[in-house]
Amino acid sequence: MSVPGGKKDLWLGLDLGASKILAVLVEEDLSLAGSLRTETKREEGPERVLDRALGLCRRLEEEGGRAKGVGVGFAGLVDPGTGAVRSSIMLPGWEGFPLARKLEEALGIPARADNDATAAGLGEFRALGSPPGLNMVLLTVGTGIGGALVLGGRLYRGKGGLAGELGNTTIEWKGRTCWCGNRGCLNTLASGSALSALARRLAGERPGSLLGQKEEPPSLPEVAEAARRGDEAARLAILEGARALGAGVANFINIFDPHLVVLTGGVTGLGETFLEEVRREAGKRAFAEAFEGTKIELSRLGDMTGAVGAACLAMEAARRGGSRP
Ligand SMILES: [Zn+2]
């Protein structure tokens, strides 16, 4: 708790993803005291990646003040009890890595670790003012799709902390093979990487496309920019990705009858056209009675959702007196 008129309590949050590490220093009310980001360089392995994350934390503390705790959202399955990584498709080589313990030892403050999308779900919930009884589905749509569930005003983790793997739910049961080994997951159709691959294919069929004829799929910002300039391949890829995501969202609406579906991650840069198409497709597929009154929105915290949510993990742990979730 902050002393009125005194120095505010500060919390560190880390979003450790496949391509970038984002670190934030926030106050209890989630106002930002600082933020830094760097590349993950995942090929260098856990110890080097962790060193880079620690570097960001130390710089934030030097500039903003000492934190009371640190939380990390990790792009993989994490045991929220021990704070150790269970597995990760995005960050290979982290199996069993004691992420929370390493952070605690290096920074000398209590640390908590959880799945990155779960952390984002908590961040969004807190940014909304923790409405009692809220039912919310959050999707982080970046390289892959992660998910978090807030049910009855509480983060729902499932029996082992693995709940909310919404990107690995089947949309096409005989579809393309997903990273997880299953076929036809939502990931294979609606993730940022699926959308980029589709944009490359569509550009290949259109010699004049602004996306060119490169071997590498275009990045999401490149697709967004080409679509803004009227490129047909980019525009079609965005619509197709949005419709696939809308089909997934319709499933989640029928399952959870939520008040709110929140989208965050790289696709949020695709703009209002993307969001409108997600809404339209979800509306066509979900039960009208469930769809009615369900808001589908972009995250209030932009791409900081995961990092701010990670800081919230540390705050919540301190509030519980250090006990694990
Ligand atoms: Zn999958």
# chains A, B, ... in the order shown; residues from 1 in each chain; ligands from 1
$ residues_near_ligand --ligand "ligand 1" --cutoff "7 Å" --atoms "only C-alpha atoms and all ligand atoms" --output "mmCIF file with C-alpha atoms, in the first residue's frame"
data_model
loop_
_atom_site.group_PDB
_atom_site.id
_atom_site.type_symbol
_atom_site.label_atom_id
_atom_site.label_comp_id
_atom_site.auth_asym_id
_atom_site.auth_seq_id
_atom_site.Cartn_x
_atom_site.Cartn_y
_atom_site.Cartn_z
ATOM 1 C CA GLY A 167 -5.335 -20.635 -30.260
ATOM 2 C CA ASN A 168 -5.031 -24.409 -30.133
ATOM 3 C CA THR A 169 -8.731 -25.135 -30.429
ATOM 4 C CA CYS A 178 -0.267 -26.607 -36.171
ATOM 5 C CA TRP A 179 2.958 -26.078 -34.139
ATOM 6 C CA CYS A 180 1.260 -27.964 -31.322
ATOM 7 C CA GLY A 181 0.990 -31.096 -33.486
ATOM 8 C CA ASN A 182 -2.787 -30.919 -33.808
ATOM 9 C CA ARG A 183 -4.482 -30.103 -37.121
ATOM 10 C CA CYS A 185 -6.117 -25.096 -34.909
ATOM 11 C CA ASN A 187 -3.558 -20.675 -34.922
#
$ closest_atom_pairs --of "stretch 135-187 of chain A" --to "stretch 235-256 of chain A" --cutoff "12 Å" --atoms "only C-alpha atoms" --output "Markdown table"
| residue | atom | partner | partner_atom | distance |
| --- | --- | --- | --- | --- |
| A:Asn135 | CA | A:Phe256 | CA | 7.6 |
| A:Met136 | CA | A:Phe256 | CA | 8.4 |
| A:Val137 | CA | A:Phe252 | CA | 7.5 |
| A:Leu138 | CA | A:Val249 | CA | 9.8 |
| A:Leu139 | CA | A:Val249 | CA | 9.0 |
| A:Thr140 | CA | A:Leu245 | CA | 11.3 |
| A:Val141 | CA | A:Leu245 | CA | 9.2 |
| A:Gly144 | CA | A:Leu245 | CA | 11.9 |
| A:Ile145 | CA | A:Leu245 | CA | 9.7 |
| A:Gly147 | CA | A:Phe252 | CA | 10.5 |
| A:Ala148 | CA | A:Phe252 | CA | 11.2 |
| A:Leu149 | CA | A:Phe256 | CA | 9.1 |
| A:Val150 | CA | A:Phe256 | CA | 10.0 |
| A:Leu151 | CA | A:Phe256 | CA | 8.3 |
| A:Gly152 | CA | A:Phe256 | CA | 10.6 |
| A:Tyr156 | CA | A:Phe256 | CA | 11.9 |
| A:Gly164 | CA | A:Phe252 | CA | 10.4 |
| A:Glu165 | CA | A:Phe252 | CA | 11.6 |
| A:Leu166 | CA | A:Gly248 | CA | 8.3 |
| A:Gly167 | CA | A:Gly248 | CA | 8.5 |
| A:Asn168 | CA | A:Gly248 | CA | 10.3 |
| A:Thr169 | CA | A:Gly248 | CA | 8.2 |
| A:Thr170 | CA | A:Gly248 | CA | 8.8 |
| A:Ile171 | CA | A:Gly248 | CA | 7.1 |
| A:Glu172 | CA | A:Ala244 | CA | 10.3 |
| A:Gly184 | CA | A:Ala244 | CA | 11.1 |
| A:Cys185 | CA | A:Gly248 | CA | 9.6 |
| A:Leu186 | CA | A:Gly248 | CA | 6.6 |
| A:Asn187 | CA | A:Leu245 | CA | 9.0 |
$ closest_residue --among "A:Gly175, A:Gly45, A:Gly13, A:Gly161" --to "A:Leu30" --atoms "only C-alpha atoms"
A:Gly13
$ closest_atom_pairs --of "stretch 104-146 of chain A" --to "stretch 81-87 of chain A" --cutoff "7 Å" --atoms "only C-alpha atoms" --output "JSON lines"
{"residue": "A:Arg112", "atom": "CA", "partner": "A:Gly83", "partner_atom": "CA", "distance": 5.9}
{"residue": "A:Ala113", "atom": "CA", "partner": "A:Gly83", "partner_atom": "CA", "distance": 4.6}
{"residue": "A:Asp114", "atom": "CA", "partner": "A:Gly83", "partner_atom": "CA", "distance": 6.6}
$ write_last_selection --atoms "N, CA, C and O atoms" --output "PDB file, in the first residue's frame"
ATOM      1  N   ARG A 112       6.881 -13.620  -9.615  1.00  0.00           N
ATOM      2  CA  ARG A 112       5.844 -14.552 -10.036  1.00  0.00           C
ATOM      3  C   ARG A 112       5.938 -14.736 -11.545  1.00  0.00           C
ATOM      4  O   ARG A 112       6.264 -13.783 -12.268  1.00  0.00           O
ATOM      5  N   ALA A 113       5.636 -15.944 -12.025  1.00  0.00           N
ATOM      6  CA  ALA A 113       5.639 -16.193 -13.468  1.00  0.00           C
ATOM      7  C   ALA A 113       4.349 -16.895 -13.860  1.00  0.00           C
ATOM      8  O   ALA A 113       3.804 -17.693 -13.106  1.00  0.00           O
ATOM      9  N   ASP A 114       3.863 -16.572 -15.041  1.00  0.00           N
ATOM     10  CA  ASP A 114       2.654 -17.210 -15.555  1.00  0.00           C
ATOM     11  C   ASP A 114       2.694 -17.139 -17.076  1.00  0.00           C
ATOM     12  O   ASP A 114       3.582 -16.504 -17.658  1.00  0.00           O
TER      13      ASP A 114
END
$ select_by_dssp --residues "stretch 142-249 of chain A" --states "strand (DSSP E or B)" --output "list in words"
Ile145, Gly146, Gly147, Ala148, Leu149, Val150, Leu151, Arg154, Leu155, Tyr156, Thr170, Thr177, Arg183 and Cys185 of chain A
$ write_last_selection --atoms "C-alpha atoms" --output "mmCIF file, in the first residue's frame"
data_model
loop_
_atom_site.group_PDB
_atom_site.id
_atom_site.type_symbol
_atom_site.label_atom_id
_atom_site.label_comp_id
_atom_site.auth_asym_id
_atom_site.auth_seq_id
_atom_site.Cartn_x
_atom_site.Cartn_y
_atom_site.Cartn_z
ATOM 1 C CA ILE A 145 -2.736 -16.930 -30.590
ATOM 2 C CA GLY A 146 -2.916 -17.085 -26.811
ATOM 3 C CA GLY A 147 -5.976 -16.803 -24.646
ATOM 4 C CA ALA A 148 -7.098 -15.896 -21.153
ATOM 5 C CA LEU A 149 -10.415 -16.332 -19.409
ATOM 6 C CA VAL A 150 -11.892 -14.173 -16.678
ATOM 7 C CA LEU A 151 -15.016 -15.920 -15.421
ATOM 8 C CA ARG A 154 -11.832 -14.101 -11.499
ATOM 9 C CA LEU A 155 -8.980 -15.234 -13.678
ATOM 10 C CA TYR A 156 -9.751 -18.834 -14.621
ATOM 11 C CA THR A 170 -9.744 -26.911 -33.632
ATOM 12 C CA THR A 177 -0.785 -29.054 -39.026
ATOM 13 C CA ARG A 183 -4.482 -30.103 -37.121
ATOM 14 C CA CYS A 185 -6.117 -25.096 -34.909
#
$ residues_around --residues "A:Leu36" --least-positions-apart "2" --cutoff "10 Å" --atoms "only C-alpha atoms" --output "PyMOL selection string"
chain A and resi 14+21-25+34+38+53+55-57+59-60
$ residues_around --residues "stretch 68-76 of chain A" --least-positions-apart "4" --cutoff "8 Å" --atoms "only C-alpha atoms" --output "ChimeraX atom specification"
/A:9-18,85-91,100,103-104,109-120,306-307,309-315,318
$ atom_distance --atom1 "atom CA of A:Phe291" --atom2 "atom CA of A:His259"
9.3 Å
$ atom_distance --atom1 "atom CA of A:Lys295" --atom2 "atom CA of A:Ala224"
23.8 Å
$ select_by_dssp --residues "stretch 207-277 of chain A" --states "helix (DSSP H, G or I)" --output "ChimeraX atom specification"
/A:220-228,232-256,266-277
$ atom_distance --atom1 "atom CA of A:Leu198" --atom2 "atom CA of A:Leu298"
22.9 Å
$ closest_residue --among "A:Glu232, A:Glu95, A:Glu27, A:Asp303" --to "A:Gly266" --atoms "only C-alpha atoms"
A:Asp303
$ closest_residue --among "A:Ala33, A:Leu263, A:Ala190, A:Leu270" --to "A:Glu222" --atoms "only C-alpha atoms"
A:Leu270
$ closest_residue --among "A:Thr305, A:Thr264, A:Thr143, A:Ser219" --to "A:Leu189" --atoms "only C-alpha atoms"
A:Thr143
